[in-house]
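Visitor: So here's target.txt, just compact mmCIF, C-alpha atoms:
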# COMPACT_ATOMS: atom_id res chain seq x y z
CA MET A 1 7.72 -23.77 -39.06
CA SER A 2 10.87 -25.91 -39.17
CA THR A 3 11.77 -27.20 -35.71
CA ASP A 4 15.44 -26.14 -36.10
CA ARG A 5 14.88 -22.73 -37.72
CA THR A 6 15.83 -19.60 -35.78
CA LEU A 7 12.83 -18.08 -34.00
CA ARG A 8 12.65 -14.33 -34.67
CA LEU A 9 11.20 -12.18 -31.87
CA ALA A 10 10.05 -8.61 -32.60
CA THR A 11 10.71 -6.09 -29.82
CA ARG A 12 10.93 -2.37 -29.22
CA GLY A 13 14.44 -0.99 -28.85
CA SER A 14 14.18 0.60 -25.39
CA ASP A 15 16.41 -0.83 -22.68
CA LEU A 16 13.43 -2.24 -20.77
CA ALA A 17 11.86 -3.76 -23.89
CA MET A 18 15.17 -5.37 -24.87
CA ARG A 19 15.60 -6.80 -21.37
CA GLN A 20 12.10 -8.29 -21.50
CA ALA A 21 12.77 -9.76 -24.93
CA ALA A 22 16.12 -11.14 -23.74
CA PHE A 23 14.30 -12.88 -20.87
CA VAL A 24 12.03 -14.61 -23.42
CA GLN A 25 15.03 -15.40 -25.62
CA GLU A 26 16.87 -17.06 -22.74
CA ARG A 27 13.84 -19.13 -21.68
CA VAL A 28 12.88 -20.30 -25.17
CA GLY A 29 16.13 -20.55 -27.11
CA THR A 30 18.33 -23.62 -27.34
CA ARG A 31 21.50 -24.40 -29.27
CA ARG A 32 19.47 -26.35 -31.82
CA ARG A 33 16.59 -23.87 -31.89
CA PRO A 34 18.10 -20.40 -31.38
CA VAL A 35 16.12 -17.20 -30.87
CA GLU A 36 17.00 -13.89 -32.55
CA LEU A 37 15.78 -10.46 -31.38
CA VAL A 38 14.56 -8.07 -34.07
CA GLU A 39 14.37 -4.41 -33.03
CA VAL A 40 11.34 -2.59 -34.45
CA GLN A 41 10.46 1.10 -34.25
CA THR A 42 6.83 1.62 -33.27
CA GLU A 43 4.39 4.51 -33.64
CA GLY A 44 4.80 5.26 -29.95
CA ASP A 45 8.58 5.54 -30.43
CA ARG A 46 8.22 7.98 -33.34
CA ILE A 47 5.61 10.35 -31.93
CA ARG A 48 6.61 13.28 -29.75
CA ASP A 49 6.37 12.49 -26.04
CA GLU A 50 3.80 15.16 -25.27
CA LEU A 51 1.42 13.78 -27.93
CA ILE A 52 1.34 10.15 -26.81
CA ALA A 53 -1.34 10.77 -24.18
CA ASP A 54 -3.46 12.44 -26.87
CA LEU A 55 -3.64 9.29 -29.02
CA GLY A 56 -6.79 8.34 -27.11
CA ARG A 57 -6.21 4.63 -27.54
CA ILE A 58 -3.83 1.87 -26.63
CA GLY A 59 -1.63 0.10 -29.13
CA ALA A 60 0.89 2.86 -29.90
CA PHE A 61 3.74 0.46 -28.97
CA VAL A 62 2.05 -2.75 -30.16
CA HIS A 63 0.79 -2.67 -33.74
CA ALA A 64 4.16 -2.40 -35.49
CA LEU A 65 5.50 -5.44 -33.61
CA ASP A 66 2.48 -7.63 -34.37
CA GLN A 67 2.53 -6.49 -37.99
CA GLU A 68 6.03 -7.95 -38.32
CA VAL A 69 4.51 -11.32 -37.40
CA VAL A 70 1.47 -10.92 -39.67
CA ASP A 71 3.80 -10.01 -42.57
CA GLY A 72 5.94 -13.08 -41.90
CA ASP A 73 9.12 -11.16 -41.04
CA CYS A 74 9.09 -12.35 -37.41
CA ASP A 75 7.64 -15.39 -35.65
CA ALA A 76 6.49 -13.71 -32.42
CA ALA A 77 6.44 -10.35 -30.66
CA VAL A 78 7.22 -9.39 -27.05
CA HIS A 79 5.06 -6.76 -25.36
CA SER A 80 4.37 -5.16 -22.02
CA MET A 81 0.85 -6.51 -21.72
CA LYS A 82 -0.58 -3.33 -20.18
CA ASP A 83 0.13 -1.58 -23.52
CA MET A 84 -1.85 -4.11 -25.54
CA PRO A 85 -5.33 -3.47 -26.99
CA THR A 86 -8.12 -5.86 -26.09
CA GLU A 87 -8.45 -6.79 -29.78
CA PHE A 88 -5.64 -8.27 -31.88
CA ALA A 89 -4.45 -8.19 -35.48
CA ASP A 90 -5.65 -10.99 -37.78
CA GLY A 91 -4.77 -14.41 -36.43
CA MET A 92 -2.65 -13.08 -33.55
CA VAL A 93 -3.07 -14.62 -30.11
CA VAL A 94 -1.32 -14.30 -26.76
CA ALA A 95 0.86 -17.37 -27.05
CA ALA A 96 2.50 -17.07 -23.64
CA VAL A 97 2.20 -15.07 -20.43
CA PRO A 98 5.25 -15.56 -18.16
CA GLU A 99 4.95 -15.25 -14.39
CA ARG A 100 4.07 -11.73 -13.35
CA ALA A 101 6.58 -9.36 -11.79
CA PRO A 102 5.36 -7.15 -8.89
CA ALA A 103 2.34 -5.15 -10.09
CA SER A 104 2.69 -2.23 -7.66
CA ASP A 105 3.70 1.36 -8.34
CA LEU A 106 6.67 2.87 -6.52
CA LEU A 107 7.22 6.39 -5.30
CA VAL A 108 10.79 7.25 -6.30
CA THR A 109 12.72 9.95 -4.44
CA LYS A 110 16.36 10.71 -3.82
CA ASP A 111 16.05 9.47 -0.23
CA GLY A 112 13.20 6.92 -0.28
CA LYS A 113 10.48 9.09 1.31
CA ASP A 114 6.92 7.83 1.71
CA LEU A 115 4.08 9.72 0.05
CA GLU A 116 2.87 11.22 3.33
CA ASP A 117 6.37 12.57 4.04
CA LEU A 118 6.54 14.74 0.91
CA ARG A 119 6.33 18.48 1.58
CA GLU A 120 3.04 20.29 1.00
CA GLY A 121 2.71 21.18 -2.68
CA ALA A 122 5.48 18.76 -3.68
CA VAL A 123 6.04 18.30 -7.42
CA VAL A 124 5.51 14.67 -8.51
CA GLY A 125 6.18 13.45 -12.04
CA THR A 126 4.21 10.81 -13.95
CA SER A 127 2.99 10.23 -17.51
CA SER A 128 -0.08 8.26 -16.39
CA VAL A 129 -3.55 9.76 -15.99
CA ARG A 130 -4.38 6.89 -13.61
CA ARG A 131 -1.43 7.64 -11.35
CA THR A 132 -2.17 11.37 -11.55
CA ALA A 133 -5.76 10.84 -10.39
CA GLN A 134 -4.68 8.45 -7.63
CA LEU A 135 -2.00 10.83 -6.38
CA LEU A 136 -4.44 13.75 -6.27
CA HIS A 137 -7.04 11.60 -4.52
CA ALA A 138 -4.52 10.69 -1.81
CA ARG A 139 -2.83 14.12 -1.65
CA PRO A 140 -4.87 16.94 -3.25
CA ASP A 141 -2.10 19.41 -2.43
CA LEU A 142 0.41 17.76 -4.77
CA ASP A 143 1.55 19.44 -7.99
CA VAL A 144 1.52 16.54 -10.46
CA ARG A 145 3.54 17.30 -13.60
CA PRO A 146 4.07 15.34 -16.85
CA LEU A 147 7.12 13.11 -17.11
CA ARG A 148 7.99 10.87 -20.05
CA GLY A 149 10.95 8.84 -21.23
CA ASN A 150 12.49 5.48 -20.50
CA VAL A 151 12.85 4.35 -16.90
CA ASP A 152 16.46 5.54 -16.58
CA THR A 153 15.66 8.87 -18.28
CA ARG A 154 12.88 9.60 -15.79
CA ILE A 155 15.13 8.88 -12.83
CA GLU A 156 17.86 11.05 -14.32
CA LYS A 157 15.37 13.93 -14.60
CA LEU A 158 14.58 13.53 -10.90
CA LEU A 159 18.26 13.65 -9.98
CA ALA A 160 19.40 16.25 -12.52
CA PRO A 161 18.76 19.63 -10.82
CA GLU A 162 20.61 18.94 -7.59
CA LEU A 163 23.52 17.16 -9.27
CA GLN A 164 23.92 19.84 -11.93
CA ARG A 165 23.98 22.56 -9.29
CA GLU A 166 26.62 20.64 -7.34
CA HIS A 167 28.66 20.11 -10.50
CA GLU A 168 28.57 23.83 -11.29
CA ARG A 169 29.59 24.65 -7.73
CA ARG A 170 32.53 22.28 -7.88
CA LEU A 171 33.63 23.62 -11.23
CA GLY A 172 33.76 27.07 -9.65
CA THR A 173 30.76 28.81 -11.19
CA ASP A 174 30.91 30.83 -7.99
CA GLU A 175 34.49 32.08 -8.03
CA THR A 176 36.76 29.96 -5.83
CA GLU A 177 39.27 31.50 -3.47
CA ALA A 178 42.07 30.11 -5.62
CA SER A 179 40.75 31.65 -8.84
CA LYS A 180 40.11 34.94 -7.05
CA GLU A 181 43.67 34.98 -5.77
CA MET A 182 44.97 34.15 -9.26
CA ARG A 183 42.96 37.02 -10.76
CA GLU A 184 44.24 39.47 -8.15
CA TYR A 185 47.81 38.31 -8.75
CA ASN A 186 47.47 38.83 -12.52
CA LEU A 187 46.11 42.34 -11.90
CA ASP A 188 48.96 43.20 -9.54
CA PRO A 189 52.04 41.02 -10.17
CA GLU A 190 54.10 43.37 -7.99
CA GLY A 191 51.77 42.74 -5.05
CA GLU A 192 52.50 41.55 -1.57
CA LEU A 193 53.64 37.98 -2.38
CA ASP A 194 57.08 37.41 -0.83
CA ASP A 195 58.22 35.33 -3.79
CA GLU A 196 56.11 35.71 -6.87
CA ASN A 197 57.09 32.35 -8.42
CA GLU A 198 56.51 30.52 -5.18
CA GLY A 199 53.21 32.30 -4.71
CA LEU A 200 52.05 31.58 -8.25
CA ASN A 201 52.93 27.91 -7.90
CA ALA A 202 50.98 27.72 -4.64
CA ILE A 203 47.89 29.20 -6.29
CA GLU A 204 48.16 26.82 -9.24
CA GLU A 205 48.54 23.85 -6.91
CA GLU A 206 45.44 24.92 -5.00
CA MET A 207 43.48 25.17 -8.27
CA ASP A 208 44.79 21.80 -9.42
CA GLU A 209 43.66 20.29 -6.13
CA PHE A 210 40.16 21.74 -6.63
CA ASP A 211 40.02 20.37 -10.18
CA GLN A 212 41.10 16.97 -8.93
CA SER A 213 38.32 16.99 -6.34
CA VAL A 214 35.83 17.51 -9.17
CA GLU A 215 37.25 14.50 -10.97
CA GLU A 216 37.14 12.40 -7.85
CA TRP A 217 33.56 13.49 -7.21
CA PHE A 218 32.57 12.57 -10.77
CA ASP A 219 34.27 9.18 -10.47
CA SER A 220 32.28 8.49 -7.31
CA LEU A 221 28.93 8.98 -9.07
CA SER A 222 26.76 6.09 -10.25
CA GLU A 223 25.97 5.64 -13.94
CA LEU A 224 22.51 7.11 -13.31
CA GLU A 225 23.98 10.18 -11.63
CA ARG A 226 26.44 10.74 -14.44
CA GLY A 227 23.58 10.52 -16.93
CA ALA A 228 21.68 13.10 -14.88
CA LEU A 229 24.51 15.62 -15.31
CA GLY A 230 23.69 15.85 -19.03
CA GLN A 231 19.92 15.45 -18.73
CA GLU A 232 17.55 18.24 -19.74
CA TYR A 233 14.45 18.67 -17.58
CA ASP A 234 11.29 20.78 -17.59
CA HIS A 235 10.48 20.63 -13.89
CA GLU A 236 12.32 20.10 -10.63
CA TYR A 237 10.61 17.04 -9.14
CA ASP A 238 10.39 16.08 -5.49
CA ALA A 239 9.35 12.55 -6.52
CA ILE A 240 8.27 10.50 -9.50
CA VAL A 241 6.09 7.38 -9.79
CA LEU A 242 7.21 4.29 -11.72
CA ALA A 243 6.06 0.69 -12.05
CA GLU A 244 7.92 -1.63 -9.70
CA ALA A 245 8.27 -4.23 -12.46
CA GLY A 246 10.00 -1.76 -14.78
CA LEU A 247 12.50 -0.77 -12.11
CA GLU A 248 13.19 -4.41 -11.25
CA ARG A 249 13.67 -5.48 -14.87
CA SER A 250 15.86 -2.47 -15.61
CA GLY A 251 18.15 -3.36 -12.72
CA LEU A 252 17.56 0.04 -11.10
CA ARG A 253 15.37 -0.84 -8.11
CA HIS A 254 18.21 -0.69 -5.58
CA LYS A 255 20.03 2.28 -7.12
CA ILE A 256 17.48 4.89 -6.05
CA GLY A 257 15.22 5.50 -3.05
CA THR A 258 11.76 3.94 -3.36
CA SER A 259 8.65 3.25 -1.31
CA ARG A 260 5.80 1.02 -2.47
CA LEU A 261 2.37 2.60 -3.00
CA PRO A 262 -0.35 0.30 -1.58
CA THR A 263 -2.31 -1.53 -4.29
CA GLU A 264 -5.54 -1.07 -2.32
CA GLU A 265 -5.34 2.70 -2.86
CA PHE A 266 -3.17 2.80 -5.98
CA VAL A 267 -4.80 -0.01 -7.94
CA PRO A 268 -2.39 -0.90 -10.79
CA ALA A 269 -3.20 -0.72 -14.47
CA PRO A 270 -4.67 -3.93 -15.94
CA ALA A 271 -1.83 -6.39 -16.66
CA GLN A 272 0.83 -4.15 -15.11
CA GLY A 273 4.02 -6.13 -14.55
CA VAL A 274 3.11 -8.75 -17.18
CA ILE A 275 4.98 -9.67 -20.36
CA ALA A 276 2.95 -11.07 -23.26
CA VAL A 277 4.32 -12.92 -26.28
CA THR A 278 2.04 -12.88 -29.33
CA ALA A 279 2.20 -15.22 -32.32
CA ARG A 280 -0.03 -16.78 -34.99
CA ASP A 281 1.74 -19.96 -36.16
CA GLU A 282 0.46 -23.03 -34.25
CA ASP A 283 3.90 -24.58 -33.81
CA VAL A 284 5.34 -21.32 -32.50
CA ILE A 285 2.40 -20.87 -30.15
CA ALA A 286 2.84 -24.39 -28.77
CA ARG A 287 6.58 -23.89 -28.26
CA LEU A 288 6.14 -20.57 -26.47
CA ARG A 289 3.31 -21.78 -24.29
CA THR A 290 5.21 -24.87 -23.18
CA LYS A 291 8.34 -22.91 -22.31
CA LEU A 292 6.88 -19.72 -20.84
CA ASP A 293 3.23 -19.77 -19.84
CA HIS A 294 2.34 -19.29 -16.17
CA ALA A 295 -1.26 -20.37 -15.59
CA PRO A 296 -2.08 -18.24 -12.49
CA THR A 297 -0.77 -15.10 -14.20
CA ARG A 298 -2.74 -15.84 -17.36
CA VAL A 299 -5.94 -16.26 -15.31
CA ALA A 300 -5.37 -13.03 -13.37
CA VAL A 301 -4.68 -10.89 -16.43
CA THR A 302 -7.59 -12.48 -18.32
CA VAL A 303 -9.88 -11.22 -15.56
CA GLU A 304 -8.23 -7.78 -15.53
CA ARG A 305 -8.49 -7.34 -19.28
CA THR A 306 -12.10 -8.59 -19.28
CA VAL A 307 -12.97 -5.87 -16.78
CA LEU A 308 -11.03 -3.35 -18.91
CA ALA A 309 -12.99 -4.34 -22.01
CA GLU A 310 -16.31 -4.15 -20.19
CA LEU A 311 -15.51 -0.69 -18.87
CA GLY A 312 -14.42 0.40 -22.33
CA GLY A 313 -11.25 1.97 -20.99
CA GLY A 314 -7.89 2.42 -22.65
CA CYS A 315 -4.50 3.30 -21.22
CA VAL A 316 -5.53 6.99 -21.09
CA ALA A 317 -8.51 6.28 -18.81
CA PRO A 318 -8.00 6.79 -15.05
CA LEU A 319 -8.79 3.27 -13.97
CA GLY A 320 -7.02 0.43 -12.23
CA VAL A 321 -7.82 -3.28 -12.15
CA HIS A 322 -5.87 -5.87 -10.19
CA ALA A 323 -6.62 -9.58 -9.78
CA THR A 324 -4.93 -12.27 -7.72
CA VAL A 325 -5.48 -16.04 -7.75
CA GLN A 326 -6.22 -17.54 -4.34
CA GLY A 327 -6.93 -21.24 -4.57
CA ASP A 328 -10.13 -21.73 -6.57
CA THR A 329 -10.97 -18.03 -6.47
CA VAL A 330 -9.87 -14.94 -8.35
CA SER A 331 -10.05 -11.82 -6.20
CA VAL A 332 -10.36 -8.70 -8.36
CA ARG A 333 -10.39 -5.03 -7.38
CA ALA A 334 -11.45 -2.29 -9.81
CA GLN A 335 -11.07 1.44 -9.32
CA VAL A 336 -12.30 4.26 -11.57
CA LEU A 337 -11.43 7.88 -10.81
CA SER A 338 -12.18 11.33 -12.13
CA THR A 339 -9.15 12.88 -13.77
CA ASP A 340 -8.68 15.33 -10.89
CA GLY A 341 -8.96 12.59 -8.26
CA THR A 342 -11.92 14.16 -6.48
CA GLU A 343 -14.22 11.22 -7.22
CA VAL A 344 -13.49 7.51 -7.01
CA VAL A 345 -15.61 4.38 -7.46
CA GLU A 346 -14.22 1.05 -6.25
CA GLU A 347 -15.46 -2.51 -6.13
CA THR A 348 -13.96 -5.84 -5.09
CA ARG A 349 -15.26 -9.25 -6.11
CA ASP A 350 -14.28 -12.88 -5.68
CA LEU A 351 -14.88 -14.89 -8.85
CA PRO A 352 -14.68 -18.66 -9.47
CA ILE A 353 -11.43 -19.53 -11.18
CA ASP A 354 -12.99 -22.11 -13.53
CA SER A 355 -14.85 -19.29 -15.30
CA HIS A 356 -11.58 -17.73 -16.45
CA VAL A 357 -9.24 -20.63 -17.20
Would you write out, as structure tokens, the structure that this file holds?
Guide:
Amino acid sequence: MSTDRTLRLATRGSDLAMRQAAFVQERVGTRRRPVELVEVQTEGDRIRDELIADLGRIGAFVHALDQEVVDGDCDAAVHSMKDMPTEFADGMVVAAVPERAPASDLLVTKDGKDLEDLREGAVVGTSSVRRTAQLLHARPDLDVRPLRGNVDTRIEKLLAPELQREHERRLGTDETEASKEMREYNLDPEGELDDENEGLNAIEEEMDEFDQSVEEWFDSLSELERGALGQEYDHEYDAIVLAEAGLERSGLRHKIGTSRLPTEEFVPAPAQGVIAVTARDEDVIARLRTKLDHAPTRVAVTVERTVLAELGGGCVAPLGVHATVQGDTVSVRAQVLSTDGTEVVEETRDLPIDSHV
């Protein structure tokens, strides 16, 4: 690869994927050696939401990106590492693993409630069988329902019912006093108004004032809340569960109420919160590794993915693995659950770091 040629990075087109790719672009690109983002549609983007969990394997969002590199159309690909299979396309390697974002899951509600504060039988949305099992293990009374879409879409579905009801109320779905008075006046223009023109103008002014309040209310909403007004939803959720890293990278963490689910009980998916950049050309690999690679993160996710491979699990299996580097030791916690959360097996080990460097 020419040292001054533009580096082409394959990425999915979702807002989160583009933000992750832009992070890599900013860290790696220079004026002399620019980086270009190439948006690629993947199998996971094309398939209907409700069928993704039925794929029975990981890689739905990965293969198309790596194939762009194998075919020579791109130089590298940017992935959420938790989506990646444990085996790669011909010649592809993980060239760089940037420093990990928070690996925890967050409970997202309109007012930041903790899990124990949710009402009995509360409806909680998630697309993950791991999170479903963990939620049911912690709170068997919960009604866990499917929820898919990008990060902002999922939050909008949480907010949509209440906001749409309020919008309808403000628009006067239930007849306002002003509209009622206008209707009565039209039915009986010779009614009891002292001056019909003055009375009609007063009614119109009252209606105009109500309409203006709707506009002012709409203007006061956040971008997320405005999106929720047009969002379709299947269920009315009390809460949803999202990865903390996704909320942080999407810039939405502080725009909605959240509480962190403890990693000891809600062990994250292997490599959750980690970006991986894959490549096959030696010069590209060297450039990416020099600019991006974070050694402690690489060690931790190597351990997590080794455990994943040994357990034979994919992203549809209810298991969590989380490792942290502490000096010369890697502390790893693994958790495997039944799909209904009634059974759980957990183990924690401290491993020597030099075995996984």
Visitor: Quick one: residues within 6 Å of (-9.6, -5.1, -24.8) (file frame), counting only C-alpha atoms, please, as JSON, numbers by chain.
Guide: {"A": [85, 86, 87, 309]}
Visitor: What are the closest atom pairs, with distances in Å to one decimal, for all residues of region 109-163 of chain A lying within 12 Å of region 246-266 of chain A? Consider all atoms listed in the file, order rows by chain and residue number, and present the result as JSON lines.
Guide:
{"residue": "A:Thr109", "atom": "CA", "partner": "A:Gly257", "partner_atom": "CA", "distance": 5.3}
{"residue": "A:Lys110", "atom": "CA", "partner": "A:Gly257", "partner_atom": "CA", "distance": 5.4}
{"residue": "A:Asp111", "atom": "CA", "partner": "A:Gly257", "partner_atom": "CA", "distance": 4.9}
{"residue": "A:Gly112", "atom": "CA", "partner": "A:Gly257", "partner_atom": "CA", "distance": 3.7}
{"residue": "A:Lys113", "atom": "CA", "partner": "A:Ser259", "partner_atom": "CA", "distance": 6.7}
{"residue": "A:Asp114", "atom": "CA", "partner": "A:Ser259", "partner_atom": "CA", "distance": 5.8}
{"residue": "A:Leu115", "atom": "CA", "partner": "A:Leu261", "partner_atom": "CA", "distance": 7.9}
{"residue": "A:Glu116", "atom": "CA", "partner": "A:Leu261", "partner_atom": "CA", "distance": 10.7}
{"residue": "A:Asp117", "atom": "CA", "partner": "A:Ser259", "partner_atom": "CA", "distance": 11.0}
{"residue": "A:Leu118", "atom": "CA", "partner": "A:Ser259", "partner_atom": "CA", "distance": 11.9}
{"residue": "A:Arg130", "atom": "CA", "partner": "A:Phe266", "partner_atom": "CA", "distance": 8.7}
{"residue": "A:Arg131", "atom": "CA", "partner": "A:Phe266", "partner_atom": "CA", "distance": 7.4}
{"residue": "A:Thr132", "atom": "CA", "partner": "A:Phe266", "partner_atom": "CA", "distance": 10.3}
{"residue": "A:Ala133", "atom": "CA", "partner": "A:Phe266", "partner_atom": "CA", "distance": 9.5}
{"residue": "A:Gln134", "atom": "CA", "partner": "A:Phe266", "partner_atom": "CA", "distance": 6.1}
{"residue": "A:Leu135", "atom": "CA", "partner": "A:Phe266", "partner_atom": "CA", "distance": 8.1}
{"residue": "A:Leu136", "atom": "CA", "partner": "A:Phe266", "partner_atom": "CA", "distance": 11.0}
{"residue": "A:His137", "atom": "CA", "partner": "A:Glu265", "partner_atom": "CA", "distance": 9.2}
{"residue": "A:Ala138", "atom": "CA", "partner": "A:Glu265", "partner_atom": "CA", "distance": 8.1}
{"residue": "A:Arg139", "atom": "CA", "partner": "A:Glu265", "partner_atom": "CA", "distance": 11.8}
{"residue": "A:Asn150", "atom": "CA", "partner": "A:Gly246", "partner_atom": "CA", "distance": 9.6}
{"residue": "A:Val151", "atom": "CA", "partner": "A:Leu247", "partner_atom": "CA", "distance": 7.0}
{"residue": "A:Asp152", "atom": "CA", "partner": "A:Leu252", "partner_atom": "CA", "distance": 7.8}
{"residue": "A:Thr153", "atom": "CA", "partner": "A:Leu252", "partner_atom": "CA", "distance": 11.5}
{"residue": "A:Arg154", "atom": "CA", "partner": "A:Leu247", "partner_atom": "CA", "distance": 11.0}
{"residue": "A:Ile155", "atom": "CA", "partner": "A:Ile256", "partner_atom": "CA", "distance": 8.2}
{"residue": "A:Glu156", "atom": "CA", "partner": "A:Ile256", "partner_atom": "CA", "distance": 10.3}
{"residue": "A:Leu158", "atom": "CA", "partner": "A:Ile256", "partner_atom": "CA", "distance": 10.3}
{"residue": "A:Leu159", "atom": "CA", "partner": "A:Ile256", "partner_atom": "CA", "distance": 9.6}
Visitor: Report, in Å to a single decimal, how far apart CA of Thr6 (chain A) and CA of Asp281 (chain A) are.
Guide: 14.1 Å
Visitor: What lies within 7 Å of region 227-237 of chain A using all atoms listed in the file, ignoring chain neighbours under 5 positions off, as a list in words?
Guide: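 The filter keeps Val123, Val124, Gly125, Glu156, Lys157, Leu158, Leu159, Ala160, Pro161, Leu163 and Gln164 of chain A.
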Visitor: Can you tell me, as a PDB file with C-alpha atoms, keeping the file's coordinate frame, what residues are no more than 10 Å from Gly72 (chain A) when counting all atoms listed in the file, ignoring any on the same chain fewer than 3 positions away?
Guide:
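Once everything was written out, this is selection_26.pdb:
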ATOM      1  CA  ARG A   8      12.650 -14.330 -34.670  1.00  0.00           C
ATOM      2  CA  ASP A  66       2.480  -7.630 -34.370  1.00  0.00           C
ATOM      3  CA  GLN A  67       2.530  -6.490 -37.990  1.00  0.00           C
ATOM      4  CA  GLU A  68       6.030  -7.950 -38.320  1.00  0.00           C
ATOM      5  CA  VAL A  69       4.510 -11.320 -37.400  1.00  0.00           C
ATOM      6  CA  ASP A  75       7.640 -15.390 -35.650  1.00  0.00           C
ATOM      7  CA  ALA A  76       6.490 -13.710 -32.420  1.00  0.00           C
ATOM      8  CA  ARG A 280      -0.030 -16.780 -34.990  1.00  0.00           C
ATOM      9  CA  ASP A 281       1.740 -19.960 -36.160  1.00  0.00           C
TER      10      ASP A 281
END
Visitor: Report, in Å with one decimal, the straight-line distance from CA of Val267 (chain A) to CA of Gln335 (chain A).
Guide: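 These atoms are spaced 6.6 Å apart.
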Visitor: Compare A:Gly341, A:Leu65, A:Val93, A:Val24 by their minimum atom-to-atom distance to Pro140 (chain A), counting only C-alpha atoms, and give me the closest one.
Guide: A:Gly341
Visitor: Excluding same-chain residues fewer than 5 positions from Pro352 (chain A), what lies within 7 Å of it counting all atoms listed in the file, as a ChimeraX atom specification?
Guide: /A:328-330
Visitor: May I have the residues within 7 Å of Ala334 (chain A) as a ChimeraX atom specification, using all atoms listed in the file and disregarding those fewer than 6 positions away in the same chain?
Guide: /A:320-322,346-348
Visitor: Limited to C-alpha atoms, could you put the picked residues into a file as an mmCIF file, in the frame of the given file?
Guide:
data_model
loop_
_atom_site.group_PDB
_atom_site.id
_atom_site.type_symbol
_atom_site.label_atom_id
_atom_site.label_comp_id
_atom_site.auth_asym_id
_atom_site.auth_seq_id
_atom_site.Cartn_x
_atom_site.Cartn_y
_atom_site.Cartn_z
ATOM 1 C CA GLY A 320 -7.020 0.430 -12.230
ATOM 2 C CA VAL A 321 -7.820 -3.280 -12.150
ATOM 3 C CA HIS A 322 -5.870 -5.870 -10.190
ATOM 4 C CA GLU A 346 -14.220 1.050 -6.250
ATOM 5 C CA GLU A 347 -15.460 -2.510 -6.130
ATOM 6 C CA THR A 348 -13.960 -5.840 -5.090
#
Visitor: With only C-alpha atoms as the basis for distance, which of A:Glu36, A:His167, A:Val129, A:Ala122 is at the shortest distance from Ser338 (chain A)?
Guide: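 That would be A:Val129, the residue with the smallest distance to Ser338 (chain A).
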Visitor: Please return the centre and edge lengths, in Å to one decimal, of a box with edges along x, y and z that contains all listed atoms of region 23-38 of chain A, widened by 5 Å on every side, as AutoDock Vina command-line options.
Guide:
--center_x 16.8 --center_y -17.2 --center_z -27.5 --size_x 19.5 --size_y 28.3 --size_z 23.2
Visitor: What is the CA of Ser331 (chain A) to CA of Leu351 (chain A) distance in Å?
Guide: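 Computed distance, CA of Ser331 (chain A) to CA of Leu351 (chain A), equals 6.3 Å.
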Visitor: Please determine, counting only C-alpha atoms, which residue among A:Val301, A:Pro318, A:Val344, A:Val307 has the shortest atom-to-atom distance to Ala103 (chain A).
Guide: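 Nearest to Ala103 (chain A): A:Val301.
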Visitor: Generate the coordinates of N, CA and C atoms for region 235-246 of chain A; report them as an mmCIF file, keeping the file's coordinate frame.
Guide:
data_model
loop_
_atom_site.group_PDB
_atom_site.id
_atom_site.type_symbol
_atom_site.label_atom_id
_atom_site.label_comp_id
_atom_site.auth_asym_id
_atom_site.auth_seq_id
_atom_site.Cartn_x
_atom_site.Cartn_y
_atom_site.Cartn_z
ATOM 1 N N HIS A 235 10.923 20.319 -15.248
ATOM 2 C CA HIS A 235 10.480 20.630 -13.890
ATOM 3 C C HIS A 235 11.484 20.056 -12.896
ATOM 4 N N GLU A 236 11.509 20.643 -11.714
ATOM 5 C CA GLU A 236 12.320 20.100 -10.630
ATOM 6 C C GLU A 236 11.385 19.279 -9.749
ATOM 7 N N TYR A 237 11.534 17.956 -9.802
ATOM 8 C CA TYR A 237 10.610 17.040 -9.140
ATOM 9 C C TYR A 237 11.087 16.698 -7.731
ATOM 10 N N ASP A 238 10.108 16.620 -6.812
ATOM 11 C CA ASP A 238 10.390 16.080 -5.490
ATOM 12 C C ASP A 238 10.330 14.550 -5.517
ATOM 13 N N ALA A 239 9.532 13.996 -6.416
ATOM 14 C CA ALA A 239 9.350 12.550 -6.520
ATOM 15 C C ALA A 239 8.792 12.228 -7.895
ATOM 16 N N ILE A 240 8.926 10.993 -8.297
ATOM 17 C CA ILE A 240 8.270 10.500 -9.500
ATOM 18 C C ILE A 240 7.643 9.143 -9.160
ATOM 19 N N VAL A 241 6.727 8.679 -10.010
ATOM 20 C CA VAL A 241 6.090 7.380 -9.790
ATOM 21 C C VAL A 241 6.388 6.477 -10.980
ATOM 22 N N LEU A 242 6.859 5.264 -10.688
ATOM 23 C CA LEU A 242 7.210 4.290 -11.720
ATOM 24 C C LEU A 242 6.655 2.918 -11.325
ATOM 25 N N ALA A 243 6.474 2.061 -12.315
ATOM 26 C CA ALA A 243 6.060 0.690 -12.050
ATOM 27 C C ALA A 243 7.210 -0.081 -11.415
ATOM 28 N N GLU A 244 6.896 -0.828 -10.374
ATOM 29 C CA GLU A 244 7.920 -1.630 -9.700
ATOM 30 C C GLU A 244 8.559 -2.624 -10.665
ATOM 31 N N ALA A 245 7.748 -3.229 -11.525
ATOM 32 C CA ALA A 245 8.270 -4.230 -12.460
ATOM 33 C C ALA A 245 9.319 -3.624 -13.390
ATOM 34 N N GLY A 246 9.053 -2.402 -13.878
ATOM 35 C CA GLY A 246 10.000 -1.760 -14.780
ATOM 36 C C GLY A 246 11.332 -1.472 -14.104
#
